[in-house]
>>> print(open('run.pdb').read())   # PDB, C-alpha atoms
MODEL        1
ATOM      1  CA  ILE A   1      91.089 142.277  65.911  1.00  0.00           C
ATOM      2  CA  ALA A   2      87.539 141.579  67.095  1.00  0.00           C
ATOM      3  CA  THR A   3      88.982 139.911  70.196  1.00  0.00           C
ATOM      4  CA  TYR A   4      90.885 143.037  71.205  1.00  0.00           C
ATOM      5  CA  VAL A   5      87.911 145.291  70.515  1.00  0.00           C
ATOM      6  CA  LEU A   6      85.704 143.025  72.638  1.00  0.00           C
ATOM      7  CA  ILE A   7      88.201 143.155  75.512  1.00  0.00           C
ATOM      8  CA  VAL A   8      88.310 146.957  75.321  1.00  0.00           C
ATOM      9  CA  VAL A   9      84.505 147.084  75.320  1.00  0.00           C
ATOM     10  CA  ALA A  10      84.292 144.674  78.276  1.00  0.00           C
ATOM     11  CA  ILE A  11      86.765 146.743  80.297  1.00  0.00           C
ATOM     12  CA  GLY A  12      85.112 150.029  79.325  1.00  0.00           C
ATOM     13  CA  HIS A  13      81.639 148.730  80.108  1.00  0.00           C
ATOM     14  CA  THR A  14      82.653 147.235  83.456  1.00  0.00           C
ATOM     15  CA  TRP A  15      84.716 150.193  84.591  1.00  0.00           C
ATOM     16  CA  GLY A  16      82.715 153.030  83.059  1.00  0.00           C
ATOM     17  CA  ALA A  17      79.193 151.861  83.828  1.00  0.00           C
ATOM     18  CA  LEU A  18      79.460 149.551  86.831  1.00  0.00           C
ATOM     19  CA  LEU A  19      82.556 150.175  88.955  1.00  0.00           C
ATOM     20  CA  SER A  20      82.628 153.956  88.558  1.00  0.00           C
ATOM     21  CA  ILE A  21      79.112 155.085  87.782  1.00  0.00           C
ATOM     22  CA  PRO A  22      79.335 158.426  85.983  1.00  0.00           C
ATOM     23  CA  HIS A  23      77.846 161.520  87.591  1.00  0.00           C
ATOM     24  CA  LEU A  24      74.920 162.536  85.389  1.00  0.00           C
ATOM     25  CA  GLY A  25      73.683 165.557  87.285  1.00  0.00           C
ATOM     26  CA  ALA A  26      71.318 166.075  90.202  1.00  0.00           C
ATOM     27  CA  ASP A  27      68.407 164.253  88.568  1.00  0.00           C
ATOM     28  CA  GLY A  28      70.646 161.297  87.761  1.00  0.00           C
ATOM     29  CA  ASP A  29      71.903 161.204  91.354  1.00  0.00           C
ATOM     30  CA  ARG A  30      68.313 161.116  92.641  1.00  0.00           C
ATOM     31  CA  VAL A  31      67.425 158.267  90.296  1.00  0.00           C
ATOM     32  CA  LEU A  32      70.542 156.322  91.348  1.00  0.00           C
ATOM     33  CA  ALA A  33      69.749 156.888  95.031  1.00  0.00           C
ATOM     34  CA  ALA A  34      66.178 155.665  94.477  1.00  0.00           C
ATOM     35  CA  MET A  35      67.452 152.605  92.582  1.00  0.00           C
ATOM     36  CA  LYS A  36      69.620 151.757  95.584  1.00  0.00           C
ATOM     37  CA  SER A  37      67.112 152.533  98.326  1.00  0.00           C
ATOM     38  CA  VAL A  38      63.803 151.101  97.092  1.00  0.00           C
ATOM     39  CA  HIS A  39      63.639 147.420  98.043  1.00  0.00           C
ATOM     40  CA  PHE A  40      61.209 144.785  96.827  1.00  0.00           C
ATOM     41  CA  ARG A  41      60.879 141.007  96.984  1.00  0.00           C
ATOM     42  CA  CYS A  42      61.570 139.000  93.867  1.00  0.00           C
ATOM     43  CA  LEU A  43      60.910 135.326  94.430  1.00  0.00           C
ATOM     44  CA  THR A  44      62.932 134.670  97.597  1.00  0.00           C
ATOM     45  CA  ARG A  45      65.318 137.642  97.447  1.00  0.00           C
ATOM     46  CA  ASP A  46      65.351 141.194  98.678  1.00  0.00           C
ATOM     47  CA  CYS A  47      66.195 143.238  95.571  1.00  0.00           C
ATOM     48  CA  THR A  48      66.665 146.783  94.355  1.00  0.00           C
ATOM     49  CA  TRP A  49      66.607 148.149  90.821  1.00  0.00           C
ATOM     50  CA  TYR A  50      70.298 148.929  91.335  1.00  0.00           C
ATOM     51  CA  SER A  51      71.014 145.257  92.057  1.00  0.00           C
ATOM     52  CA  TYR A  52      69.292 144.428  88.738  1.00  0.00           C
ATOM     53  CA  TYR A  53      71.316 147.122  86.949  1.00  0.00           C
ATOM     54  CA  TYR A  54      74.583 145.933  88.475  1.00  0.00           C
ATOM     55  CA  GLY A  55      73.866 142.221  88.115  1.00  0.00           C
ATOM     56  CA  PHE A  56      72.758 142.417  84.497  1.00  0.00           C
ATOM     57  CA  GLY A  57      75.661 144.750  83.745  1.00  0.00           C
ATOM     58  CA  MET A  58      78.171 142.273  85.181  1.00  0.00           C
ATOM     59  CA  MET A  59      76.493 139.454  83.259  1.00  0.00           C
ATOM     60  CA  LEU A  60      76.976 141.483  80.076  1.00  0.00           C
ATOM     61  CA  SER A  61      80.672 141.919  80.934  1.00  0.00           C
ATOM     62  CA  VAL A  62      81.024 138.155  81.319  1.00  0.00           C
ATOM     63  CA  PHE A  63      79.394 137.551  77.931  1.00  0.00           C
ATOM     64  CA  LEU A  64      81.604 140.176  76.284  1.00  0.00           C
ATOM     65  CA  LEU A  65      84.637 138.320  77.625  1.00  0.00           C
ATOM     66  CA  LEU A  66      83.162 135.008  76.440  1.00  0.00           C
ATOM     67  CA  SER A  67      82.751 136.536  72.969  1.00  0.00           C
ATOM     68  CA  ALA A  68      86.383 137.652  73.115  1.00  0.00           C
ATOM     69  CA  ALA A  69      87.508 134.149  74.067  1.00  0.00           C
ATOM     70  CA  ILE A  70      85.476 132.568  71.267  1.00  0.00           C
ATOM     71  CA  THR A  71      86.788 134.995  68.639  1.00  0.00           C
ATOM     72  CA  TRP A  72      90.359 134.480  69.872  1.00  0.00           C
ATOM     73  CA  PHE A  73      89.960 130.694  69.693  1.00  0.00           C
ATOM     74  CA  ILE A  74      88.348 130.657  66.252  1.00  0.00           C
ATOM     75  CA  GLY A  75      90.805 133.233  64.914  1.00  0.00           C
ATOM     76  CA  GLY A  76      93.704 130.977  65.855  1.00  0.00           C
ATOM     77  CA  LEU A  77      92.395 128.020  63.876  1.00  0.00           C
ATOM     78  CA  GLY A  78      93.192 127.046  60.311  1.00  0.00           C
ATOM     79  CA  ASP A  79      90.797 127.667  57.429  1.00  0.00           C
ATOM     80  CA  ARG A  80      89.317 124.169  57.569  1.00  0.00           C
ATOM     81  CA  GLU A  81      88.569 124.369  61.288  1.00  0.00           C
ATOM     82  CA  GLN A  82      87.180 127.894  60.908  1.00  0.00           C
ATOM     83  CA  ARG A  83      84.782 126.665  58.220  1.00  0.00           C
ATOM     84  CA  ALA A  84      83.663 123.879  60.554  1.00  0.00           C
ATOM     85  CA  LEU A  85      82.874 126.475  63.223  1.00  0.00           C
ATOM     86  CA  ALA A  86      81.182 128.883  60.802  1.00  0.00           C
ATOM     87  CA  PRO A  87      77.771 128.513  62.532  1.00  0.00           C
ATOM     88  CA  ILE A  88      79.302 129.906  65.720  1.00  0.00           C
ATOM     89  CA  THR A  89      80.916 132.786  63.843  1.00  0.00           C
ATOM     90  CA  TRP A  90      77.606 133.534  62.115  1.00  0.00           C
ATOM     91  CA  ALA A  91      75.739 133.396  65.439  1.00  0.00           C
ATOM     92  CA  LEU A  92      78.188 135.866  66.954  1.00  0.00           C
ATOM     93  CA  PHE A  93      77.918 138.114  63.900  1.00  0.00           C
ATOM     94  CA  LEU A  94      74.114 138.129  63.981  1.00  0.00           C
ATOM     95  CA  SER A  95      74.038 138.706  67.739  1.00  0.00           C
ATOM     96  CA  TYR A  96      76.249 141.776  67.316  1.00  0.00           C
ATOM     97  CA  VAL A  97      74.096 143.031  64.447  1.00  0.00           C
ATOM     98  CA  ALA A  98      71.161 142.838  66.872  1.00  0.00           C
ATOM     99  CA  THR A  99      73.276 144.435  69.614  1.00  0.00           C
ATOM    100  CA  SER A 100      74.160 147.273  67.236  1.00  0.00           C
ATOM    101  CA  PHE A 101      70.495 147.933  66.545  1.00  0.00           C
ATOM    102  CA  LEU A 102      69.653 147.900  70.258  1.00  0.00           C
ATOM    103  CA  ALA A 103      72.594 150.150  71.144  1.00  0.00           C
ATOM    104  CA  TRP A 104      71.617 152.732  68.503  1.00  0.00           C
ATOM    105  CA  ARG A 105      67.994 152.565  69.617  1.00  0.00           C
ATOM    106  CA  TYR A 106      68.393 152.676  73.394  1.00  0.00           C
ATOM    107  CA  LEU A 107      71.903 153.779  74.333  1.00  0.00           C
ATOM    108  CA  PHE A 108      74.394 156.396  73.184  1.00  0.00           C
ATOM    109  CA  PRO A 109      77.155 156.626  70.541  1.00  0.00           C
ATOM    110  CA  PRO A 110      80.171 154.795  72.071  1.00  0.00           C
ATOM    111  CA  PRO A 111      78.478 151.412  72.696  1.00  0.00           C
ATOM    112  CA  ALA A 112      76.631 151.726  69.392  1.00  0.00           C
ATOM    113  CA  ILE A 113      79.826 152.456  67.448  1.00  0.00           C
ATOM    114  CA  PHE A 114      81.729 149.637  69.148  1.00  0.00           C
ATOM    115  CA  SER A 115      78.851 147.240  68.418  1.00  0.00           C
ATOM    116  CA  VAL A 116      78.914 148.183  64.734  1.00  0.00           C
ATOM    117  CA  VAL A 117      82.705 147.738  64.586  1.00  0.00           C
ATOM    118  CA  ILE A 118      82.472 144.314  66.240  1.00  0.00           C
ATOM    119  CA  ALA A 119      79.606 143.282  63.943  1.00  0.00           C
ATOM    120  CA  ALA A 120      81.587 144.413  60.888  1.00  0.00           C
ATOM    121  CA  LEU A 121      84.688 142.472  61.948  1.00  0.00           C
ATOM    122  CA  LEU A 122      82.641 139.365  62.667  1.00  0.00           C
ATOM    123  CA  GLY A 123      80.753 139.830  59.401  1.00  0.00           C
ATOM    124  CA  VAL A 124      83.976 139.868  57.407  1.00  0.00           C
ATOM    125  CA  GLN A 125      85.030 136.628  59.080  1.00  0.00           C
ATOM    126  CA  SER A 126      81.585 135.062  58.618  1.00  0.00           C
ATOM    127  CA  PHE A 127      81.494 135.803  54.893  1.00  0.00           C
ATOM    128  CA  ARG A 128      85.116 134.710  54.603  1.00  0.00           C
ATOM    129  CA  SER A 129      84.239 131.335  56.117  1.00  0.00           C
ATOM    130  CA  VAL A 130      81.671 130.743  53.352  1.00  0.00           C
ATOM    131  CA  ARG A 131      84.374 130.669  50.667  1.00  0.00           C
TER     132      ARG A 131
ENDMDL
END
>>> encode(input="run.pdb", output="structure tokens")
Amino acid sequence: IATYVLIVVAIGHTWGALLSIPHLGADGDRVLAAMKSVHFRCLTRDCTWYSYYYGFGMMLSVFLLLSAAITWFIGGLGDREQRALAPITWALFLSYVATSFLAWRYLFPPPAIFSVVIAALLGVQSFRSVR
């Protein structure tokens, strides 16, 4: 189940925040325009804050899909193999606990709720692998 939730989150994040940036009013449009128009040098590249936003957002989408692939792979294994990979399951669980905290602190309800759901699903599997 965690795999499917992660895929939904990856698609929603990529589409809803990166490929079709939501209109957030006149002030939001001005901020977005400034993010796209103000250029600066970072090491050897010409950058904008929008390129950071977009690049880091796409990187997050890739890692969400990686998480989905890992959960799909581990979920398809037998109990013995799942126990052997318990450190990976625990690492995923703890990373989504941290993600949940960050989402509640800095974002808005949908990503926070999805993060909690993913953490809960991974937590059930993590504790199950201990038995």
>>> resolve_selection(input="run.pdb", expression="the PyMOL selection byres ((chain A and resi 4) around 10)", output="count of residues only")
14
>>> residues_around(input="run.pdb", residues="stretch 49-53 of chain A", least_positions_apart="2", cutoff="8 Å", atoms="all atoms listed in the file", output="ChimeraX atom specification")
/A:32,35-36,38-39,47,55-57
>>> atom_distance(input="run.pdb", atom1="atom CA of A:Asp46", atom2="atom CA of A:Leu65")
28.7 Å
>>> residues_around(input="run.pdb", residues="A:Ala103", least_positions_apart="5", cutoff="12 Å", atoms="only C-alpha atoms", output="number ranges by chain")
A: 96-98, 108-116
>>> resolve_selection(input="run.pdb", expression="the PyMOL selection byres ((chain A and resi 128) around 12)", output="mmCIF file with C-alpha atoms, in the coordinates of the input")
data_model
loop_
_atom_site.group_PDB
_atom_site.id
_atom_site.type_symbol
_atom_site.label_atom_id
_atom_site.label_comp_id
_atom_site.auth_asym_id
_atom_site.auth_seq_id
_atom_site.Cartn_x
_atom_site.Cartn_y
_atom_site.Cartn_z
ATOM 1 C CA GLY A 75 90.805 133.233 64.914
ATOM 2 C CA ASP A 79 90.797 127.667 57.429
ATOM 3 C CA ARG A 80 89.317 124.169 57.569
ATOM 4 C CA GLN A 82 87.180 127.894 60.908
ATOM 5 C CA ARG A 83 84.782 126.665 58.220
ATOM 6 C CA ALA A 86 81.182 128.883 60.802
ATOM 7 C CA THR A 89 80.916 132.786 63.843
ATOM 8 C CA TRP A 90 77.606 133.534 62.115
ATOM 9 C CA LEU A 121 84.688 142.472 61.948
ATOM 10 C CA LEU A 122 82.641 139.365 62.667
ATOM 11 C CA GLY A 123 80.753 139.830 59.401
ATOM 12 C CA VAL A 124 83.976 139.868 57.407
ATOM 13 C CA GLN A 125 85.030 136.628 59.080
ATOM 14 C CA SER A 126 81.585 135.062 58.618
ATOM 15 C CA PHE A 127 81.494 135.803 54.893
ATOM 16 C CA SER A 129 84.239 131.335 56.117
ATOM 17 C CA VAL A 130 81.671 130.743 53.352
ATOM 18 C CA ARG A 131 84.374 130.669 50.667
#
>>> closest_residue(input="run.pdb", among="A:Ala26, A:Cys42, A:Val31, A:Val117", to="A:Thr99", atoms="only C-alpha atoms")
A:Val117
>>> closest_residue(input="run.pdb", among="A:Leu102, A:Leu92, A:Pro87, A:Arg45", to="A:Phe63", atoms="only C-alpha atoms")
A:Leu92
>>> atom_distance(input="run.pdb", atom1="atom CA of A:Trp15", atom2="atom CA of A:Val62")
13.0 Å
>>> closest_residue(input="run.pdb", among="A:His13, A:Ala119, A:Ile70, A:Asp29", to="A:Phe93", atoms="all atoms listed in the file")
A:Ala119
>>> atom_distance(input="run.pdb", atom1="atom CA of A:Thr44", atom2="atom CA of A:Gly28")
29.4 Å
>>> closest_residue(input="run.pdb", among="A:Glu81, A:Leu94, A:Phe101, A:Met58", to="A:Ile11", atoms="all atoms listed in the file")
A:Met58
>>> decode(input="run.pdb", residues="stretch 19-51 of chain A", atoms="N, CA, C and O atoms", output="PDB file, in the first residue's frame")
ATOM      1  N   LEU A  19       4.992  21.159 -12.470  1.00  0.00           N
ATOM      2  CA  LEU A  19       4.591  21.276 -13.874  1.00  0.00           C
ATOM      3  C   LEU A  19       3.428  22.235 -14.075  1.00  0.00           C
ATOM      4  O   LEU A  19       3.280  22.811 -15.148  1.00  0.00           O
ATOM      5  N   SER A  20       2.599  22.393 -13.071  1.00  0.00           N
ATOM      6  CA  SER A  20       1.494  23.361 -13.150  1.00  0.00           C
ATOM      7  C   SER A  20       1.453  24.125 -11.834  1.00  0.00           C
ATOM      8  O   SER A  20       0.678  23.818 -10.945  1.00  0.00           O
ATOM      9  N   ILE A  21       2.303  25.107 -11.732  1.00  0.00           N
ATOM     10  CA  ILE A  21       2.415  25.881 -10.497  1.00  0.00           C
ATOM     11  C   ILE A  21       1.075  26.556 -10.217  1.00  0.00           C
ATOM     12  O   ILE A  21       0.528  27.244 -11.082  1.00  0.00           O
ATOM     13  N   PRO A  22       0.528  26.345  -9.034  1.00  0.00           N
ATOM     14  CA  PRO A  22      -0.784  26.926  -8.729  1.00  0.00           C
ATOM     15  C   PRO A  22      -0.724  28.451  -8.639  1.00  0.00           C
ATOM     16  O   PRO A  22       0.289  29.023  -8.237  1.00  0.00           O
ATOM     17  N   HIS A  23      -1.810  29.078  -9.042  1.00  0.00           N
ATOM     18  CA  HIS A  23      -1.941  30.531  -8.932  1.00  0.00           C
ATOM     19  C   HIS A  23      -2.279  30.845  -7.473  1.00  0.00           C
ATOM     20  O   HIS A  23      -3.277  30.368  -6.947  1.00  0.00           O
ATOM     21  N   LEU A  24      -1.442  31.623  -6.828  1.00  0.00           N
ATOM     22  CA  LEU A  24      -1.633  31.927  -5.411  1.00  0.00           C
ATOM     23  C   LEU A  24      -1.886  33.411  -5.172  1.00  0.00           C
ATOM     24  O   LEU A  24      -1.523  33.952  -4.134  1.00  0.00           O
ATOM     25  N   GLY A  25      -2.484  34.054  -6.148  1.00  0.00           N
ATOM     26  CA  GLY A  25      -2.804  35.468  -5.997  1.00  0.00           C
ATOM     27  C   GLY A  25      -1.725  36.372  -6.564  1.00  0.00           C
ATOM     28  O   GLY A  25      -0.664  35.926  -6.992  1.00  0.00           O
ATOM     29  N   ALA A  26      -2.018  37.671  -6.536  1.00  0.00           N
ATOM     30  CA  ALA A  26      -1.115  38.669  -7.123  1.00  0.00           C
ATOM     31  C   ALA A  26       0.249  38.683  -6.441  1.00  0.00           C
ATOM     32  O   ALA A  26       1.284  38.761  -7.115  1.00  0.00           O
ATOM     33  N   ASP A  27       0.261  38.598  -5.116  1.00  0.00           N
ATOM     34  CA  ASP A  27       1.546  38.587  -4.408  1.00  0.00           C
ATOM     35  C   ASP A  27       2.354  37.351  -4.782  1.00  0.00           C
ATOM     36  O   ASP A  27       3.564  37.429  -4.999  1.00  0.00           O
ATOM     37  N   GLY A  28       1.699  36.211  -4.864  1.00  0.00           N
ATOM     38  CA  GLY A  28       2.375  34.983  -5.261  1.00  0.00           C
ATOM     39  C   GLY A  28       2.936  35.077  -6.666  1.00  0.00           C
ATOM     40  O   GLY A  28       4.042  34.597  -6.939  1.00  0.00           O
ATOM     41  N   ASP A  29       2.172  35.695  -7.581  1.00  0.00           N
ATOM     42  CA  ASP A  29       2.653  35.868  -8.953  1.00  0.00           C
ATOM     43  C   ASP A  29       3.889  36.748  -9.002  1.00  0.00           C
ATOM     44  O   ASP A  29       4.825  36.484  -9.760  1.00  0.00           O
ATOM     45  N   ARG A  30       3.926  37.799  -8.172  1.00  0.00           N
ATOM     46  CA  ARG A  30       5.094  38.680  -8.129  1.00  0.00           C
ATOM     47  C   ARG A  30       6.319  37.929  -7.590  1.00  0.00           C
ATOM     48  O   ARG A  30       7.426  38.089  -8.109  1.00  0.00           O
ATOM     49  N   VAL A  31       6.115  37.132  -6.569  1.00  0.00           N
ATOM     50  CA  VAL A  31       7.225  36.358  -6.012  1.00  0.00           C
ATOM     51  C   VAL A  31       7.744  35.377  -7.061  1.00  0.00           C
ATOM     52  O   VAL A  31       8.953  35.249  -7.268  1.00  0.00           O
ATOM     53  N   LEU A  32       6.836  34.672  -7.742  1.00  0.00           N
ATOM     54  CA  LEU A  32       7.240  33.720  -8.777  1.00  0.00           C
ATOM     55  C   LEU A  32       8.000  34.432  -9.894  1.00  0.00           C
ATOM     56  O   LEU A  32       9.041  33.940 -10.350  1.00  0.00           O
ATOM     57  N   ALA A  33       7.506  35.576 -10.332  1.00  0.00           N
ATOM     58  CA  ALA A  33       8.193  36.335 -11.377  1.00  0.00           C
ATOM     59  C   ALA A  33       9.594  36.745 -10.926  1.00  0.00           C
ATOM     60  O   ALA A  33      10.556  36.654 -11.697  1.00  0.00           O
ATOM     61  N   ALA A  34       9.720  37.176  -9.673  1.00  0.00           N
ATOM     62  CA  ALA A  34      11.039  37.554  -9.148  1.00  0.00           C
ATOM     63  C   ALA A  34      11.952  36.331  -9.073  1.00  0.00           C
ATOM     64  O   ALA A  34      13.145  36.423  -9.397  1.00  0.00           O
ATOM     65  N   MET A  35      11.410  35.188  -8.662  1.00  0.00           N
ATOM     66  CA  MET A  35      12.219  33.966  -8.585  1.00  0.00           C
ATOM     67  C   MET A  35      12.763  33.588  -9.958  1.00  0.00           C
ATOM     68  O   MET A  35      13.858  33.053 -10.066  1.00  0.00           O
ATOM     69  N   LYS A  36      11.990  33.874 -10.998  1.00  0.00           N
ATOM     70  CA  LYS A  36      12.417  33.533 -12.355  1.00  0.00           C
ATOM     71  C   LYS A  36      13.330  34.585 -12.969  1.00  0.00           C
ATOM     72  O   LYS A  36      14.145  34.265 -13.835  1.00  0.00           O
ATOM     73  N   SER A  37      13.221  35.827 -12.540  1.00  0.00           N
ATOM     74  CA  SER A  37      13.940  36.899 -13.229  1.00  0.00           C
ATOM     75  C   SER A  37      15.255  37.313 -12.574  1.00  0.00           C
ATOM     76  O   SER A  37      16.127  37.856 -13.246  1.00  0.00           O
ATOM     77  N   VAL A  38      15.402  37.086 -11.282  1.00  0.00           N
ATOM     78  CA  VAL A  38      16.627  37.497 -10.592  1.00  0.00           C
ATOM     79  C   VAL A  38      17.673  36.396 -10.769  1.00  0.00           C
ATOM     80  O   VAL A  38      17.482  35.270 -10.326  1.00  0.00           O
ATOM     81  N   HIS A  39      18.760  36.752 -11.439  1.00  0.00           N
ATOM     82  CA  HIS A  39      19.839  35.798 -11.719  1.00  0.00           C
ATOM     83  C   HIS A  39      21.031  36.061 -10.807  1.00  0.00           C
ATOM     84  O   HIS A  39      21.282  37.199 -10.408  1.00  0.00           O
ATOM     85  N   PHE A  40      21.745  35.015 -10.489  1.00  0.00           N
ATOM     86  CA  PHE A  40      22.970  35.116  -9.703  1.00  0.00           C
ATOM     87  C   PHE A  40      23.882  33.965 -10.101  1.00  0.00           C
ATOM     88  O   PHE A  40      23.450  32.979 -10.686  1.00  0.00           O
ATOM     89  N   ARG A  41      25.157  34.126  -9.796  1.00  0.00           N
ATOM     90  CA  ARG A  41      26.149  33.080 -10.088  1.00  0.00           C
ATOM     91  C   ARG A  41      26.277  32.171  -8.871  1.00  0.00           C
ATOM     92  O   ARG A  41      26.392  32.642  -7.750  1.00  0.00           O
ATOM     93  N   CYS A  42      26.267  30.900  -9.117  1.00  0.00           N
ATOM     94  CA  CYS A  42      26.526  29.915  -8.071  1.00  0.00           C
ATOM     95  C   CYS A  42      27.574  28.966  -8.626  1.00  0.00           C
ATOM     96  O   CYS A  42      27.292  28.207  -9.569  1.00  0.00           O
ATOM     97  N   LEU A  43      28.769  29.065  -8.080  1.00  0.00           N
ATOM     98  CA  LEU A  43      29.916  28.344  -8.608  1.00  0.00           C
ATOM     99  C   LEU A  43      30.092  28.737 -10.070  1.00  0.00           C
ATOM    100  O   LEU A  43      30.417  29.874 -10.355  1.00  0.00           O
ATOM    101  N   THR A  44      29.850  27.858 -11.012  1.00  0.00           N
ATOM    102  CA  THR A  44      30.089  28.200 -12.415  1.00  0.00           C
ATOM    103  C   THR A  44      28.794  28.398 -13.198  1.00  0.00           C
ATOM    104  O   THR A  44      28.839  28.539 -14.416  1.00  0.00           O
ATOM    105  N   ARG A  45      27.657  28.421 -12.529  1.00  0.00           N
ATOM    106  CA  ARG A  45      26.370  28.458 -13.224  1.00  0.00           C
ATOM    107  C   ARG A  45      25.626  29.756 -12.997  1.00  0.00           C
ATOM    108  O   ARG A  45      25.704  30.355 -11.933  1.00  0.00           O
ATOM    109  N   ASP A  46      24.850  30.123 -14.002  1.00  0.00           N
ATOM    110  CA  ASP A  46      23.892  31.210 -13.871  1.00  0.00           C
ATOM    111  C   ASP A  46      22.617  30.582 -13.316  1.00  0.00           C
ATOM    112  O   ASP A  46      22.071  29.660 -13.913  1.00  0.00           O
ATOM    113  N   CYS A  47      22.161  31.059 -12.157  1.00  0.00           N
ATOM    114  CA  CYS A  47      21.019  30.442 -11.484  1.00  0.00           C
ATOM    115  C   CYS A  47      19.944  31.465 -11.171  1.00  0.00           C
ATOM    116  O   CYS A  47      20.187  32.664 -11.176  1.00  0.00           O
ATOM    117  N   THR A  48      18.763  30.954 -10.878  1.00  0.00           N
ATOM    118  CA  THR A  48      17.670  31.738 -10.313  1.00  0.00           C
ATOM    119  C   THR A  48      17.126  30.956  -9.124  1.00  0.00           C
ATOM    120  O   THR A  48      17.368  29.751  -8.994  1.00  0.00           O
ATOM    121  N   TRP A  49      16.361  31.640  -8.270  1.00  0.00           N
ATOM    122  CA  TRP A  49      15.730  30.913  -7.165  1.00  0.00           C
ATOM    123  C   TRP A  49      14.703  29.929  -7.716  1.00  0.00           C
ATOM    124  O   TRP A  49      14.473  28.878  -7.130  1.00  0.00           O
ATOM    125  N   TYR A  50      14.100  30.259  -8.867  1.00  0.00           N
ATOM    126  CA  TYR A  50      13.152  29.328  -9.474  1.00  0.00           C
ATOM    127  C   TYR A  50      13.866  28.056  -9.928  1.00  0.00           C
ATOM    128  O   TYR A  50      13.327  26.964  -9.771  1.00  0.00           O
ATOM    129  N   SER A  51      15.080  28.183 -10.462  1.00  0.00           N
ATOM    130  CA  SER A  51      15.798  26.974 -10.878  1.00  0.00           C
ATOM    131  C   SER A  51      16.112  26.102  -9.654  1.00  0.00           C
ATOM    132  O   SER A  51      16.075  24.872  -9.739  1.00  0.00           O
TER     133      SER A  51
END
